[in-house]
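These notes are about the structure you will find just below.
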Number of protein chains: 2
Amino acid sequence: MNFQQLRYVRETVRRGLNLTEAANALCTSQPGVSKQIRELENELGFEIFVRHGKRIASLTEPGKAVLGIIERVLQEMENLKRAASDFRDQDAGPLTIATTHTQARYSLPRVVSEFKRRYPKVHLTMQQGRPPQLAEMVLAGTADIAIATEALDHYPGLLALPGFSWKHCVVVPPTHPLNKFAPLTLDALARHPIVTYDPGFAGRSNIDAAFAERGLAVDVVLAAIDADVIKTYVELGLGVGIIPAMAYDPRRDPHLRALDCSHLFRTNTTRVAVKRGSLLRGYTYAFIEIFAPALTRKQVDLALADESEQFQL
Amino acid sequence: MNFQQLRYVRETVRRGLNLTEAANALCTSQPGVSKQIRELENELGFEIFVRHGKRIASLTEPGKAVLGIIERVLQEMENLKRAASDFRDQDAGPLTIATTHTQARYSLPRVVSEFKRRYPKVHLTMQQGRPPQLAEMVLAGTADIAIATEALDHYPGLLALPGFSWKHCVVVPPTHPLNKFAPLTLDALARHPIVTYDPGFAGRSNIDAAFAERGLAVDVVLAAIDADVIKTYVELGLGVGIIPAMAYDPRRDPHLRALDCSHLFRTNTTRVAVKRGSLLRGYTYAFIEIFAPALTRKQVDLALADESEQFQL
DNA sequence: GACGCTTACGTTCGTCGTAACTATT
DNA sequence: AATAGTTACGACGAACGTAAGCGTC
């Protein structure tokens, strides 16, 4: 029994029980993977995979149980290597942030530049995706932390901590009739075509909820995954935009007016998520703290320690 | 980086930083251990051990940190093997109980015989020792569970669950003056020489506490580690015995009389301890449940899950 | 017939044990 | 002088990649 065998099993499962793909992902030969897995099964005394002839069809019951333990072993190995890197050079190494366009574009620039100033030797990578993808990246170890407003708190394998709160704002062209309509109401909004985020992005859930509670049907004529696209189409007169307030800047967006709608939609909370049981490098804590000063290393460790208790903002 | 290297490091630490002993314990050559550890250090990029010339003196700071992770990795490996055994044959395998003489002699016989009847294929081993030794055995993985009245709940690495409660009783020869002295008082007891357990055994702490609270000095003329020795010397007239009530049997002990002292000493709780983070075989749960029917598999798992909460009797 | 897992085989690399060496106490 | 750790070396075995074989879909 060795680490290779465990890694092979994990990768095979991750690649949809396809040995060939697993072998490619691990940069090794496919027969090698096959043989090592058979040897592990042999040593354990039962088969991990259900085979139909020569095809791998599914996991056996013992296989499922054993897989969980295997993932924990490999997680700890990962932690060991990370701890070692941390001791070798506290301030150098890789850091991968998985986030949405909105965060990358509007909330993270100041964080990243401050972080880069403090940790110039860290190799920072940003990955974009939908919130569930971001969560999967962190779970798979492809990314160290995920930052998004939606979905992150639905994964038991993740610890999602509240980073900051924000409100939506409504954006319209300067000549739009809603400009004279203050204070804004949901009913007034619902009378216009809406341009906003795709479901599953940046507080879209709170928008839908607000209209649904009032029994209003909304005409979303365009759903985008980033505020820049939304603003562009609002400028073209396609409809009324609903975007995070932080995405409106009067200087950069001279062709738009922002209308206060803080009373219409619930406050959104952007969260930062890390994988439970994974060791964080010193500079990863630092990044989180720059992002949300309340999330000190101590706070994060505390939240990681008691799994049951949820951190309250 | 491989398992061997990690095992070598752990064993070296356990054996007091002595490579030779570690090599013996692991049934391998000492140069092999030396080389593997050096290679691990090389791969990690720092030294785990502080060396004075060629002697290993202590652990480096990174070494201490890394050791914790190493122990977790190996623990999970251990769990993997155990899970595999469990799947291969649910009802066969080893089970090592670390306990004190008193438990082995008076509370466990019925448990063991019932367990043996239900799981004839399990190879049961009993280890005796002082409570702290029992705790260490479980922590080191030498024993699966520890059963004792003292000390087990002082180890953060262990989960100590209350098994059953019991009271002391006083034993005297049939002609002893205390036979006519009812109800018994601490002051009356303190006027006689006492024969009882060694400190650190079977509720001795509660005995000492009771006398200390009343400001009484006790003359313990003989301190033994088992009730049989105590009873023998009480029969010889050496003094008054204080033993667990369960250790007195009127048929087996015709030369002794038992006196009620349940009002004098606090109730004792015998605990069963398992290592946190270790996987228990199915029959291990069964043993615990036979020992204390309230400790079902569900209860034990629950207690293992939330580390913070202490199980209340 | 294409894809995917297994078997076979030769090379390479890593691991282990013995023996000799060196440093510490 | 004895104990403890490192270096050196040779033998064995494990792991890998290539190539061929065989079952499914």
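Naming scheme: A, B, ... for chains in displayed order of the structure tokens; residues 1 onward per chain; ligands 1 onward as shown.
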Next item on the list: Pick out the chain B residues within 8 Å of chain D. Count only C-alpha atoms (C1' of nucleotides). Give them as a VMD selection string.
Entry: chain B and resid 19 to 20 31 34 54 to 55
Notebook entry, point to check: Can you tell me, as a VMD selection string, what residues are no more than 9 Å from DG17 (chain C) when counting only C-alpha atoms (C1' of nucleotides), ignoring any on the same chain fewer than 6 positions away?
Noted result: chain B and resid 28 to 29 31 to 32
Write out the residues from the selection above, keeping N, CA, C and O atoms, as a PDB file, in the first residue's frame.
```pdb
ATOM      1  N   THR B  28      13.829  -3.521  11.218  1.00  0.00           N
ATOM      2  CA  THR B  28      14.593  -3.175  10.029  1.00  0.00           C
ATOM      3  C   THR B  28      15.987  -2.730  10.475  1.00  0.00           C
ATOM      4  O   THR B  28      16.294  -2.730  11.660  1.00  0.00           O
ATOM      5  N   SER B  29      16.793  -2.381   9.503  1.00  0.00           N
ATOM      6  CA  SER B  29      18.165  -2.023   9.861  1.00  0.00           C
ATOM      7  C   SER B  29      18.244  -0.553  10.250  1.00  0.00           C
ATOM      8  O   SER B  29      17.492   0.280   9.745  1.00  0.00           O
ATOM      9  N   PRO B  31      20.713   1.674   9.638  1.00  0.00           N
ATOM     10  CA  PRO B  31      21.094   2.587   8.548  1.00  0.00           C
ATOM     11  C   PRO B  31      19.932   2.922   7.627  1.00  0.00           C
ATOM     12  O   PRO B  31      19.844   4.037   7.115  1.00  0.00           O
ATOM     13  N   GLY B  32      19.059   1.937   7.434  1.00  0.00           N
ATOM     14  CA  GLY B  32      17.899   2.193   6.591  1.00  0.00           C
ATOM     15  C   GLY B  32      17.048   3.325   7.147  1.00  0.00           C
ATOM     16  O   GLY B  32      16.653   4.241   6.427  1.00  0.00           O
TER      17      GLY B  32
END
```
Next item on the list: Mind listing the alpha helix (DSSP H) residues of region 36-276 of chain B, per DSSP on the backbone, as a VMD selection string?
Entry: chain B and resid 36 to 44 61 to 88 101 to 102 108 to 118 131 to 140 186 to 190 204 to 213 227 to 235
Next item on the list: Pull out every residue of chain B sitting within 6 Å of chain A, counting only C-alpha atoms, and send them as a PyMOL selection string.
Entry: chain B and resi 44+73+76+84
Would you mind listing, for every residue of chain C within 8 Å of chain B, the two atoms forming the shortest contact and the distance between them in Å to one decimal, using only C-alpha atoms (C1' of nucleotides), sorted by chain and ascending residue number, as CSV?
```
residue,atom,partner,partner_atom,distance
C:DC16,C1',B:Gly32,CA,6.8
C:DG17,C1',B:Ser29,CA,6.6
C:DA23,C1',B:Lys54,CA,6.1
C:DT24,C1',B:Arg55,CA,7.0
```
Notebook entry, point to check: Nearest to Pro183 (chain B) among B:Thr100, B:Ser262, B:Asn42, B:Gln5, with distances taken over only C-alpha atoms: which residue is it?
Noted result: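 Among the listed residues, the smallest separation from Pro183 (chain B) belongs to B:Ser262.
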Non-local contacts of Glu235 (chain A) (12 Å; only C-alpha atoms (C1' of nucleotides); under 5 positions in same chain excluded) as a CSV table (one decimal) with N, CA and C atoms, in the first residue's frame:
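Result went into part_8.csv, see below:
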```csv
chain,number,residue,atom,x,y,z
A,171,VAL,N,-29.5,50.5,-12.4
A,171,VAL,CA,-28.9,51.4,-13.3
A,171,VAL,C,-29.8,51.6,-14.5
A,172,VAL,N,-29.9,52.9,-15.0
A,172,VAL,CA,-30.8,53.2,-16.1
A,172,VAL,C,-30.0,54.3,-16.9
A,173,PRO,N,-30.4,54.4,-18.2
A,173,PRO,CA,-29.9,55.5,-19.0
A,173,PRO,C,-30.4,56.8,-18.4
A,174,PRO,N,-29.7,58.0,-18.7
A,174,PRO,CA,-30.0,59.3,-18.1
A,174,PRO,C,-31.4,59.7,-18.4
A,175,THR,N,-32.0,59.3,-19.5
A,175,THR,CA,-33.3,59.8,-19.9
A,175,THR,C,-34.4,58.8,-19.5
A,176,HIS,N,-34.1,57.8,-18.8
A,176,HIS,CA,-35.1,56.8,-18.5
A,176,HIS,C,-36.2,57.3,-17.5
A,195,VAL,N,-32.5,43.8,-17.0
A,195,VAL,CA,-31.2,43.2,-17.4
A,195,VAL,C,-30.4,42.9,-16.1
A,228,ASP,N,-20.4,44.2,-16.4
A,228,ASP,CA,-20.0,45.0,-17.5
A,228,ASP,C,-20.9,44.8,-18.7
A,229,VAL,N,-21.2,43.5,-18.9
A,229,VAL,CA,-22.1,43.2,-20.0
A,229,VAL,C,-23.5,43.8,-19.7
A,230,ILE,N,-23.9,43.7,-18.5
A,230,ILE,CA,-25.2,44.2,-18.1
A,230,ILE,C,-25.3,45.7,-18.4
A,240,VAL,N,-33.7,47.8,-17.8
A,240,VAL,CA,-33.3,48.4,-16.5
A,240,VAL,C,-32.3,47.4,-15.9
A,241,GLY,N,-31.1,47.9,-15.5
A,241,GLY,CA,-30.1,46.9,-14.9
A,241,GLY,C,-30.2,46.9,-13.4
A,253,ASP,N,-18.9,55.4,-15.6
A,253,ASP,CA,-20.2,55.1,-16.2
A,253,ASP,C,-21.0,56.3,-16.5
A,254,PRO,N,-20.5,57.3,-17.3
A,254,PRO,CA,-21.2,58.6,-17.4
A,254,PRO,C,-22.5,58.4,-18.1
A,255,HIS,N,-22.7,57.3,-18.9
A,255,HIS,CA,-23.9,57.1,-19.6
A,255,HIS,C,-25.0,56.4,-18.8
A,256,LEU,N,-24.8,56.3,-17.5
A,256,LEU,CA,-25.7,55.6,-16.7
A,256,LEU,C,-26.0,56.4,-15.4
A,257,ARG,N,-27.2,56.2,-14.9
A,257,ARG,CA,-27.5,56.8,-13.6
A,257,ARG,C,-27.8,55.6,-12.6
```
Margin query: Between CA of Leu216 (chain B) and CA of Leu264 (chain B), what distance in Å does the model show, to one decimal?
Written below: 13.0 Å
